[in-house]
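Shown next: input15.csv, containing CSV, C-alpha atoms and all ligand atoms.
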chain,number,residue,atom,x,y,z
A,25,MET,CA,2.8,-13.3,-0.5
A,26,GLN,CA,-0.7,-14.8,-0.7
A,27,ASP,CA,-1.9,-12.9,-3.8
A,28,LEU,CA,-0.7,-10.6,-6.7
A,29,SER,CA,-2.1,-7.4,-5.2
A,30,LEU,CA,0.3,-7.9,-2.2
A,31,HIS,CA,3.2,-8.5,-4.6
A,32,ILE,CA,2.3,-5.2,-6.4
A,33,LEU,CA,2.2,-3.3,-3.0
A,34,ASP,CA,5.6,-4.8,-2.1
A,35,VAL,CA,7.3,-4.0,-5.5
A,36,VAL,CA,5.9,-0.5,-5.6
A,37,GLU,CA,7.3,0.1,-2.1
A,38,ASN,CA,10.7,-0.4,-3.8
A,39,SER,CA,9.9,2.4,-6.3
A,40,ILE,CA,9.0,4.7,-3.4
A,41,THR,CA,12.1,3.8,-1.5
A,42,ALA,CA,14.1,4.6,-4.7
A,43,GLY,CA,12.7,8.1,-4.6
A,44,ALA,CA,10.1,7.9,-7.4
A,45,ARG,CA,7.8,10.9,-8.1
A,46,ASN,CA,5.8,9.1,-10.8
A,47,ILE,CA,4.7,5.5,-10.7
A,48,GLU,CA,2.7,3.6,-13.3
A,49,ILE,CA,1.0,0.3,-12.6
A,50,ILE,CA,-0.5,-1.6,-15.6
A,51,VAL,CA,-2.4,-4.8,-15.3
A,52,SER,CA,-3.5,-6.5,-18.5
A,53,GLU,CA,-5.6,-9.6,-18.7
A,54,ASP,CA,-6.0,-11.2,-22.1
A,55,ALA,CA,-8.1,-14.3,-22.1
A,56,GLY,CA,-7.4,-15.0,-25.8
A,57,LYS,CA,-3.7,-15.2,-25.2
A,58,ASP,CA,-4.2,-16.7,-21.7
A,59,LEU,CA,-1.9,-14.0,-20.4
A,60,LEU,CA,-1.8,-11.8,-17.4
A,61,THR,CA,0.8,-9.1,-17.3
A,62,ILE,CA,1.7,-6.8,-14.5
A,63,GLU,CA,4.0,-3.8,-15.3
A,64,ILE,CA,5.4,-1.4,-12.7
A,65,SER,CA,7.4,1.6,-13.9
A,66,ASP,CA,9.0,4.4,-11.9
A,67,ASP,CA,11.3,7.3,-12.2
A,68,GLY,CA,13.3,6.5,-9.1
A,69,LYS,CA,17.0,6.3,-8.9
A,70,GLY,CA,17.4,3.0,-10.9
A,71,MET,CA,19.9,0.2,-10.6
A,72,ASP,CA,23.0,-0.7,-12.6
A,73,GLU,CA,23.1,-3.8,-14.7
A,74,GLU,CA,25.3,-5.8,-12.4
A,75,PHE,CA,22.9,-5.1,-9.5
A,76,VAL,CA,19.9,-6.1,-11.6
A,77,GLN,CA,21.5,-9.5,-12.3
A,78,LYS,CA,22.2,-10.0,-8.6
A,79,VAL,CA,18.7,-9.0,-7.4
A,80,LEU,CA,17.1,-11.9,-9.3
A,81,ASP,CA,19.7,-14.6,-8.5
A,82,PRO,CA,18.6,-16.2,-5.2
A,83,PHE,CA,21.8,-18.1,-4.9
A,84,ILE,CA,24.1,-15.1,-4.8
A,85,THR,CA,22.4,-13.8,-1.6
A,86,THR,CA,24.8,-14.3,1.3
A,87,ARG,CA,23.7,-14.2,4.9
A,88,THR,CA,24.8,-10.7,5.5
A,89,GLU,CA,22.7,-9.4,2.6
A,90,ARG,CA,20.0,-11.9,3.3
A,91,ARG,CA,17.2,-9.4,2.9
A,92,VAL,CA,18.5,-8.0,-0.4
A,93,GLY,CA,16.4,-9.5,-3.2
A,94,LEU,CA,13.6,-10.9,-1.1
A,95,GLY,CA,10.6,-9.0,-2.5
A,96,LEU,CA,11.6,-9.2,-6.2
A,97,SER,CA,12.7,-12.9,-6.0
A,98,LEU,CA,9.4,-13.8,-4.4
A,99,PHE,CA,7.6,-12.0,-7.2
A,100,ALA,CA,9.7,-13.8,-9.8
A,101,GLU,CA,9.0,-17.1,-8.1
A,102,SER,CA,5.2,-16.4,-8.2
A,103,ALA,CA,5.5,-15.7,-12.0
A,104,ARG,CA,7.6,-18.9,-12.6
A,105,MET,CA,5.1,-21.0,-10.7
A,106,SER,CA,2.4,-20.1,-13.2
A,107,ASN,CA,4.5,-20.7,-16.3
A,108,GLY,CA,5.6,-17.1,-16.5
A,109,HIS,CA,8.6,-15.0,-15.7
A,110,LEU,CA,9.8,-11.6,-14.3
A,111,ARG,CA,11.8,-9.1,-16.3
A,112,ILE,CA,13.6,-6.1,-14.9
A,113,ARG,CA,14.7,-3.1,-17.0
A,114,SER,CA,16.6,-0.4,-15.2
A,115,ASN,CA,18.9,2.5,-15.9
A,116,LYS,CA,21.5,3.5,-13.4
A,117,LEU,CA,20.7,7.1,-14.3
A,118,GLY,CA,17.2,6.6,-13.2
A,119,GLY,CA,14.0,4.7,-14.0
A,120,THR,CA,13.0,1.1,-13.5
A,121,LYS,CA,10.4,-1.1,-15.1
A,122,ILE,CA,9.4,-4.5,-13.6
A,123,THR,CA,7.3,-6.7,-15.8
A,124,ALA,CA,5.8,-10.0,-14.6
A,125,LEU,CA,4.1,-12.4,-16.9
A,126,PHE,CA,1.7,-15.2,-15.9
A,127,GLN,CA,-0.3,-17.8,-17.6
A,128,HIS,CA,-3.7,-16.5,-16.7
A,129,SER,CA,-5.5,-19.9,-16.3
A,130,HIS,CA,-2.6,-21.7,-14.7
A,131,ILE,CA,-3.8,-23.6,-11.6
A,132,ASP,CA,-0.9,-22.3,-9.6
A,133,ARG,CA,-1.4,-18.7,-10.6
A,134,ARG,CA,-2.0,-16.7,-7.4
A,135,PRO,CA,-5.3,-14.8,-7.3
A,136,MET,CA,-5.4,-11.1,-8.0
A,137,GLY,CA,-6.4,-10.2,-4.4
A,138,ASP,CA,-7.6,-6.9,-3.2
A,139,LEU,CA,-6.2,-4.4,-5.8
A,140,GLY,CA,-8.4,-1.6,-4.4
A,141,SER,CA,-6.8,-2.0,-0.9
A,142,THR,CA,-3.3,-2.0,-2.4
A,143,LEU,CA,-3.9,1.2,-4.4
A,144,MET,CA,-5.7,2.9,-1.5
A,145,THR,CA,-2.6,2.1,0.7
A,146,LEU,CA,-0.2,3.4,-1.9
A,147,ILE,CA,-2.0,6.6,-2.8
A,148,ALA,CA,-3.2,7.5,0.8
A,149,GLY,CA,0.3,6.7,2.2
A,150,ASN,CA,2.2,8.7,-0.5
A,151,PRO,CA,-0.1,11.6,-1.5
A,152,GLN,CA,2.9,13.5,-3.0
A,153,ILE,CA,3.6,10.8,-5.6
A,154,ASP,CA,1.7,10.7,-8.9
A,155,PHE,CA,0.2,7.3,-9.5
A,156,VAL,CA,-1.3,6.1,-12.7
A,157,TYR,CA,-3.2,2.8,-12.6
A,158,ARG,CA,-4.5,1.1,-15.7
A,159,HIS,CA,-6.3,-2.2,-15.9
A,160,THR,CA,-7.5,-3.8,-19.1
A,161,ARG,CA,-9.5,-7.0,-19.3
A,162,ASP,CA,-10.4,-8.2,-22.8
A,163,GLY,CA,-11.0,-4.7,-24.2
A,164,ARG,CA,-12.5,-3.2,-21.2
A,165,ARG,CA,-10.5,-0.6,-19.3
A,166,PHE,CA,-10.3,1.0,-15.9
A,167,GLU,CA,-8.0,4.0,-15.4
A,168,LEU,CA,-7.1,6.1,-12.4
A,169,ASP,CA,-4.7,9.0,-12.3
A,170,SER,CA,-4.0,10.4,-8.8
A,171,LYS,CA,-3.0,13.8,-10.1
A,172,GLU,CA,-6.3,14.1,-12.0
A,173,LEU,CA,-8.2,13.1,-8.8
A,174,LYS,CA,-6.3,15.7,-6.8
A,175,GLU,CA,-7.4,18.4,-9.2
A,176,ARG,CA,-11.0,17.5,-8.5
A,177,LEU,CA,-10.7,18.3,-4.8
A,178,PRO,CA,-11.3,21.8,-3.5
A,179,ASN,CA,-8.2,21.5,-1.2
A,180,LYS,CA,-6.2,19.5,-3.7
A,181,SER,CA,-5.2,17.0,-1.1
A,182,LEU,CA,-5.7,13.3,-1.3
A,183,ALA,CA,-4.6,12.9,2.3
A,184,SER,CA,-7.5,15.0,3.5
A,185,THR,CA,-10.8,13.6,4.7
A,186,GLU,CA,-12.4,14.6,1.3
A,187,GLY,CA,-9.5,13.1,-0.6
A,188,LEU,CA,-9.8,9.8,1.2
A,189,LYS,CA,-13.5,9.7,0.5
A,190,LEU,CA,-12.9,10.3,-3.2
A,191,LEU,CA,-10.2,7.6,-3.3
A,192,ARG,CA,-12.5,5.2,-1.5
A,193,LYS,CA,-15.2,5.8,-4.1
A,194,GLU,CA,-12.9,5.2,-7.0
A,195,LEU,CA,-11.1,2.2,-5.6
A,196,LYS,CA,-13.7,0.5,-3.4
A,197,THR,CA,-16.7,1.1,-5.6
A,198,ASN,CA,-15.7,1.9,-9.2
A,199,LEU,CA,-12.7,-0.4,-9.5
A,200,LEU,CA,-14.6,-3.2,-7.7
A,201,GLU,CA,-17.5,-2.8,-10.2
A,202,PHE,CA,-15.0,-3.0,-13.1
A,203,LEU,CA,-13.5,-6.1,-11.7
A,204,HIS,CA,-16.8,-7.8,-11.1
A,205,THR,CA,-18.3,-7.0,-14.5
A,206,ALA,CA,-15.4,-7.1,-16.8
A,207,TRP,CA,-15.0,-10.9,-17.1
A,208,PRO,CA,-15.5,-12.2,-20.6
A,209,GLY,CA,-19.2,-12.9,-20.7
A,210,ALA,CA,-20.0,-11.2,-17.4
A,211,HIS,CA,-20.8,-7.9,-19.1
A,212,LYS,CA,-23.3,-9.7,-21.4
A,213,LEU,CA,-25.2,-10.8,-18.3
A,214,ARG,CA,-25.2,-7.2,-17.0
A,215,ASP,CA,-26.3,-5.7,-20.3
A,216,GLN,CA,-29.4,-8.0,-20.3
A,217,LYS,CA,-30.6,-6.5,-17.1
B,23,MET,CA,-10.3,1.1,30.6
B,24,PRO,CA,-14.0,1.5,29.6
B,25,LYS,CA,-14.9,1.8,25.9
B,26,LEU,CA,-14.7,5.4,24.7
B,27,THR,CA,-17.6,6.9,22.9
B,28,LEU,CA,-17.2,8.9,19.8
B,29,ASP,CA,-18.1,12.0,21.8
B,30,ASP,CA,-15.4,11.3,24.4
B,31,LEU,CA,-12.9,11.0,21.7
B,32,LYS,CA,-13.9,14.2,20.0
B,33,LYS,CA,-13.6,16.0,23.3
B,34,MET,CA,-10.2,14.5,24.1
B,35,ARG,CA,-9.1,15.5,20.6
B,36,GLU,CA,-10.3,19.1,21.1
B,37,SER,CA,-8.3,19.5,24.3
B,38,SER,CA,-5.1,17.7,23.2
B,39,ARG,CA,-5.1,19.7,20.0
B,40,LYS,CA,-4.7,22.9,22.0
B,41,ASN,CA,-1.9,21.4,24.2
B,42,LEU,CA,0.4,20.0,21.6
B,43,SER,CA,2.7,22.0,19.5
B,44,LEU,CA,2.1,21.5,15.8
B,45,ARG,CA,4.9,19.6,14.2
B,46,GLU,CA,3.8,19.5,10.6
B,47,GLY,CA,1.2,21.6,8.9
B,48,ASN,CA,-2.2,21.2,10.5
B,49,PHE,CA,-1.4,17.8,12.0
B,50,ARG,CA,-0.7,17.3,15.7
B,51,GLY,CA,0.7,13.8,15.1
B,52,LYS,CA,1.6,11.1,12.7
B,53,LEU,CA,0.5,7.5,12.4
B,54,ILE,CA,3.0,5.5,10.4
B,55,VAL,CA,2.5,1.9,9.1
B,56,HIS,CA,5.6,0.0,8.1
B,57,LEU,CA,5.4,-1.6,4.7
B,58,GLY,CA,8.5,-3.8,4.2
B,59,THR,CA,8.2,-7.2,2.6
B,60,CYS,CA,7.8,-9.0,6.0
B,61,GLY,CA,5.2,-6.4,7.2
B,62,ILE,CA,3.2,-6.8,4.0
B,63,ALA,CA,3.3,-10.6,4.2
B,64,ALA,CA,2.2,-10.5,7.9
B,65,GLY,CA,-0.8,-8.3,7.2
B,66,ALA,CA,0.2,-4.7,7.3
B,67,ARG,CA,-2.1,-3.8,4.4
B,68,GLY,CA,-5.1,-4.8,6.6
B,69,ILE,CA,-3.9,-2.5,9.3
B,70,VAL,CA,-3.8,0.4,6.8
B,71,ASP,CA,-7.4,-0.5,5.8
B,72,THR,CA,-8.4,-0.4,9.4
B,73,PHE,CA,-6.9,3.0,10.1
B,74,LEU,CA,-8.3,4.6,6.9
B,75,GLU,CA,-11.8,3.3,7.7
B,76,GLN,CA,-11.5,4.5,11.3
B,77,PHE,CA,-10.2,7.9,10.1
B,78,ASP,CA,-13.3,8.2,8.0
B,79,GLU,CA,-15.7,7.0,10.6
B,80,MET,CA,-14.3,9.1,13.5
B,81,GLU,CA,-13.7,12.1,11.2
B,82,VAL,CA,-10.0,12.2,12.2
B,83,SER,CA,-8.4,15.1,10.4
B,84,ASP,CA,-5.6,16.3,12.7
B,85,ILE,CA,-3.5,13.2,12.5
B,86,MET,CA,-1.3,12.5,9.4
B,87,PHE,CA,-1.5,9.0,8.0
B,88,ALA,CA,1.7,7.8,6.4
B,89,THR,CA,3.5,4.6,5.4
B,90,THR,CA,7.2,3.9,5.4
B,91,GLY,CA,9.6,1.0,4.7
B,92,CYS,CA,10.8,-1.9,6.8
B,93,ALA,CA,11.2,-1.3,10.5
B,94,GLY,CA,14.0,-3.9,10.8
B,95,LEU,CA,12.2,-6.3,13.1
B,96,CYS,CA,10.6,-8.9,10.9
B,97,SER,CA,9.4,-11.1,13.8
B,98,GLU,CA,7.3,-8.2,15.2
B,99,GLU,CA,5.5,-7.3,12.0
B,100,PRO,CA,3.0,-5.8,11.3
B,101,MET,CA,4.3,-2.7,13.0
B,102,ILE,CA,3.4,0.9,13.4
B,103,THR,CA,5.0,4.0,14.8
B,104,VAL,CA,3.0,6.7,16.6
B,105,GLU,CA,4.4,10.2,16.8
B,106,LEU,CA,2.5,12.8,18.8
B,107,GLY,CA,3.7,16.4,19.0
B,108,ASP,CA,7.1,16.5,20.6
B,109,SER,CA,6.9,13.2,22.4
B,110,ALA,CA,9.3,10.4,21.5
B,111,PRO,CA,7.9,8.0,18.8
B,112,VAL,CA,6.3,4.8,20.1
B,113,LYS,CA,6.5,1.5,18.2
B,114,TYR,CA,3.8,-1.2,18.3
B,115,GLY,CA,4.2,-4.7,16.9
B,116,LYS,CA,2.3,-7.9,16.0
B,117,LEU,CA,-0.7,-5.9,15.2
B,118,THR,CA,-4.2,-7.1,14.4
B,119,PRO,CA,-7.0,-4.8,13.3
B,120,GLU,CA,-8.5,-5.0,16.9
B,121,LYS,CA,-5.2,-3.9,18.5
B,122,ALA,CA,-4.8,-1.2,15.9
B,123,ILE,CA,-8.2,0.3,16.8
B,124,LYS,CA,-7.3,0.1,20.5
B,125,ILE,CA,-4.1,2.0,19.9
B,126,LEU,CA,-5.9,4.6,17.7
B,127,GLU,CA,-8.5,5.2,20.4
B,128,GLU,CA,-6.4,5.2,23.5
B,129,HIS,CA,-3.0,6.5,22.3
B,130,VAL,CA,-3.4,8.4,19.0
B,131,LEU,CA,-6.7,10.1,20.0
B,132,GLY,CA,-6.7,9.6,23.8
B,133,GLY,CA,-3.1,10.5,24.5
B,134,SER,CA,-2.0,7.5,26.7
B,135,ILE,CA,0.4,4.9,25.5
B,136,VAL,CA,-1.0,1.3,25.3
B,137,LYS,CA,1.7,-0.1,27.5
B,138,ASN,CA,1.0,-3.8,27.1
B,139,LEU,CA,1.2,-3.5,23.3
B,140,ALA,CA,4.1,-1.0,22.9
B,141,LEU,CA,7.5,-2.4,21.8
B,142,GLY,CA,9.5,0.5,22.9
B,143,VAL,CA,9.8,4.3,22.9
B,144,GLY,CA,12.3,6.0,20.6
B,145,SER,CA,13.1,5.4,17.1
B,146,GLU,CA,15.5,2.7,15.7
B,147,ARG,CA,15.8,2.6,12.0
B,148,ALA,CA,17.2,-0.3,10.0
B,149,GLY,CA,17.4,-1.2,6.3
C,1,LIG,N1,12.3,0.2,-8.4
C,1,LIG,C1,13.5,0.2,-8.0
C,1,LIG,N2,14.4,1.2,-8.1
C,1,LIG,C2,15.6,1.2,-7.7
C,1,LIG,N3,16.1,0.1,-7.0
C,1,LIG,C3,15.3,-0.9,-6.8
C,1,LIG,C4,14.0,-1.0,-7.2
C,1,LIG,N4,13.5,-2.2,-6.9
C,1,LIG,C5,14.4,-2.8,-6.2
C,1,LIG,N5,15.6,-2.1,-6.1
C,1,LIG,C6,16.8,-2.5,-5.5
C,1,LIG,O1,16.8,-3.9,-5.3
C,1,LIG,C7,16.9,-4.3,-4.0
C,1,LIG,C8,16.1,-5.6,-3.7
C,1,LIG,O2,14.7,-5.3,-3.7
C,1,LIG,P1,13.8,-6.4,-3.1
C,1,LIG,O3,13.9,-7.7,-3.7
C,1,LIG,O4,12.4,-5.8,-3.1
C,1,LIG,O5,14.3,-6.5,-1.6
C,1,LIG,P2,14.3,-5.3,-0.4
C,1,LIG,O6,13.4,-4.3,-0.8
C,1,LIG,O7,13.9,-6.0,0.8
C,1,LIG,O8,15.7,-4.8,-0.4
C,1,LIG,C9,16.4,-3.1,-3.2
C,1,LIG,O9,17.0,-3.1,-1.9
C,1,LIG,C10,16.9,-2.0,-4.1
C,1,LIG,O10,18.3,-1.7,-3.8
C,2,MG,MG,11.4,-4.6,-1.5

Step by step, read the file and then write its structure as structure tokens.
Amino acid sequence: MQDLSLHILDVVENSITAGARNIEIIVSEDAGKDLLTIEISDDGKGMDEEFVQKVLDPFITTRTERRVGLGLSLFAESARMSNGHLRIRSNKLGGTKITALFQHSHIDRRPMGDLGSTLMTLIAGNPQIDFVYRHTRDGRRFELDSKELKERLPNKSLASTEGLKLLRKELKTNLLEFLHTAWPGAHKLRDQK
Amino acid sequence: MPKLTLDDLKKMRESSRKNLSLREGNFRGKLIVHLGTCGIAAGARGIVDTFLEQFDEMEVSDIMFATTGCAGLCSEEPMITVELGDSAPVKYGKLTPEKAIKILEEHVLGGSIVKNLALGVGSERAG
């Protein structure tokens, strides 16, 4: 995967395949601690402990189950490359939380990529799932709740033409603006205007 | 095939809408992008972007947009499946945004399969 937004899309696709109805994606950037955290939680069917161990061990994959573990081990590899790691908490009765930690300034940390496009793809492609997206960057915060967006629409459908327009406005305009202005120091520049 | 104008497309849509039985809700068809790991790595998200932009631009409201998991053919990614009315699903592979627009115009809206880009008719599902 070229960037973190593509990893997020891939890992959330696992949650969808696992039958999740509610998915929460939290991105936190802390310049002071030089830490970037990506957390993905779902209420899908979950995994048992033994399986969780297996999923992150690239050496246990045999040829017949070659594809098992691909997406998550790639994400873990990306985290390790930038001095971080991946953590999986799951319950066989349901619910999974994937946490990836990165050293923010690390030269090998993959760029964030197009988060708006990832969220647009997830929400437009799965309008029946409730997504919460929260992004904090040094005290500033962007939040999107797809259920709340749905309520704002006359036909209550994010898959409709109006729904897609609203999503586009939130993700291609508002989120982008947040990402462009929320760098430490960048908002000072903006406030001077 | 000459390039279709927006008006041509709207007319075609009007007529095909009457001819096809409705399979789900108000939609006369479904456009599905496969989002397995290989698909995503090969550019499937860009194909989603393209379709959603075109849906907006062409005011497509009678086709359901959807995403699904891996189609089981990593070497053909990015892949999509087109399902219109009661016709057998058609799969397309190795997509680029340009090919995606062609398929949207000629097959999804125009009703004729883009033969030189189609992988096969019918649905095979793997992991
Ligand atoms: N959120 C989740 N909930 C339940 N099971 C999961 C979740 N994420 C991953 N898994 C399990 O771990 C396996 C490996 O995931 P992954 O590394 O993404 O590879 P793939 O999706 O190609 O199988 C999945 O097939 C699935 O069984
Ligand atoms: Mg996966």

| field | 6 Å contacts from chain A to chain B using only C-alpha atoms, as a PyMOL selection string | value | chain A and resi 25+34+95+149

Write a file of the just-selected residues containing C-alpha atoms, as a compact mmCIF listing (two decimals), keeping the file's coordinate frame.
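The resulting again_26.txt:
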# COMPACT_ATOMS: atom_id res chain seq x y z
CA MET A 25 2.80 -13.30 -0.50
CA ASP A 34 5.60 -4.80 -2.10
CA GLY A 95 10.60 -9.00 -2.50
CA GLY A 149 0.30 6.70 2.20

| field | Residue among A:Glu37, A:Asp27, A:Glu172, A:Asp67 lying closest to ligand MG 2 (chain C), counting all atoms listed in the file | value | A:Glu37

| message | Could you list, as a ChimeraX atom specification, all residues that come within 10 Å of ligand LIG 1 (chain C)? Count all atoms listed in the file. | response | /A:31,34-44,47,64-72,75-76,78-80,82,89-100,112-116,118-122 /B:58-60,91-92,149

| So which residues touch Gln26 (chain A) within 10 Å, counting all atoms listed in the file, skipping near sequence neighbours fewer than 4 positions away, as a list in words? |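 Once the nearby chain positions are removed, what remains is Leu30, His31, Ser102, Arg134, Pro135, Met136 and Gly137 of chain A; Ala63 of chain B.
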
| Lys113 (chain B): which residues within 6 Å, counting all atoms listed in the file, same-chain residues fewer than 3 positions away excluded, as a count of residues only? | 5

| query | CA of Ala93 (chain B) and CA of His56 (chain B) are how many Å apart? | reply |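 About the pair CA of Ala93 (chain B) and CA of His56 (chain B): they are 6.2 Å apart.
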
How big is the axis-aligned box around all listed atoms of region 72-79 of chain B once 4 Å goes on each side, and where's its centre, in Å to one decimal, as AutoDock Vina command-line options?
--center_x -11.3 --center_y 3.9 --center_z 9.1 --size_x 16.8 --size_y 16.6 --size_z 12.4

| request: Provide the CA of Glu79 (chain B) to CA of Leu117 (chain B) distance in Å, to one decimal place. | output: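 Here the two named atoms are 20.3 Å from each other.
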
| Quick one: distance from CA of Ser170 (chain A) to CA of Ile123 (chain B) in Å, one decimal? |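 Atom-to-atom, CA of Ser170 (chain A) and CA of Ile123 (chain B) are spaced 27.8 Å apart.
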
Please list as a PDB file with C-alpha atoms, in the coordinates of the input every residue within 10 Å of Lys124 (chain B), counting all atoms listed in the file and excluding residues in the same chain fewer than 4 positions away.
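Final file, selection_33.pdb:
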ATOM      1  CA  LYS B  25     -14.900   1.800  25.900  1.00  0.00           C
ATOM      2  CA  THR B 118      -4.200  -7.100  14.400  1.00  0.00           C
ATOM      3  CA  PRO B 119      -7.000  -4.800  13.300  1.00  0.00           C
ATOM      4  CA  GLU B 120      -8.500  -5.000  16.900  1.00  0.00           C
ATOM      5  CA  GLU B 128      -6.400   5.200  23.500  1.00  0.00           C
ATOM      6  CA  HIS B 129      -3.000   6.500  22.300  1.00  0.00           C
ATOM      7  CA  VAL B 130      -3.400   8.400  19.000  1.00  0.00           C
ATOM      8  CA  VAL B 136      -1.000   1.300  25.300  1.00  0.00           C
ATOM      9  CA  LEU B 139       1.200  -3.500  23.300  1.00  0.00           C
TER      10      LEU B 139
END

Contacts of Glu105 (chain B) at 9 Å or less, counting only C-alpha atoms, minus same-chain residues fewer than 2 places along, as a CSV table (one decimal) with C-alpha atoms, in the coordinates of the input?
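File result-v2.csv, as written:
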chain,number,residue,atom,x,y,z
B,50,ARG,CA,-0.7,17.3,15.7
B,51,GLY,CA,0.7,13.8,15.1
B,52,LYS,CA,1.6,11.1,12.7
B,53,LEU,CA,0.5,7.5,12.4
B,54,ILE,CA,3.0,5.5,10.4
B,103,THR,CA,5.0,4.0,14.8
B,107,GLY,CA,3.7,16.4,19.0
B,108,ASP,CA,7.1,16.5,20.6
B,109,SER,CA,6.9,13.2,22.4
B,110,ALA,CA,9.3,10.4,21.5
B,111,PRO,CA,7.9,8.0,18.8
B,112,VAL,CA,6.3,4.8,20.1
B,130,VAL,CA,-3.4,8.4,19.0

| query | Which residue, B:Asn48, B:Asn138, B:Leu95, B:Gln76, has the smallest gap to Leu126 (chain B) when you use only C-alpha atoms? | reply |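 Distance minimum relative to Leu126 (chain B) lands on B:Gln76.
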
| field | Using all atoms listed in the file: which of A:Glu73, A:Asp154, A:Glu167, A:Asp162 has the shortest distance to Leu182 (chain A) | value | A:Asp154

| said: Using all atoms listed in the file, can you tell me which of A:Val156, A:Leu168, A:Ile147, A:Met105 comes closest to Gly187 (chain A)? | reply: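 Under the stated criterion, the closest residue is A:Ile147.
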
| note | One residue among A:Ser181, A:Ser106, A:Thr197, A:Gln152 is nearest to Ile131 (chain A) when using all atoms listed in the file, and that residue is A:Ser106

| query | From the set A:Lys57, A:Thr142, A:Phe202, A:Ile32, which residue has the shortest atom-to-atom contact distance to ligand MG 2 (chain C), counting all atoms listed in the file? | reply |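 Ranked by minimum distance to ligand MG 2 (chain C), first place goes to A:Ile32.
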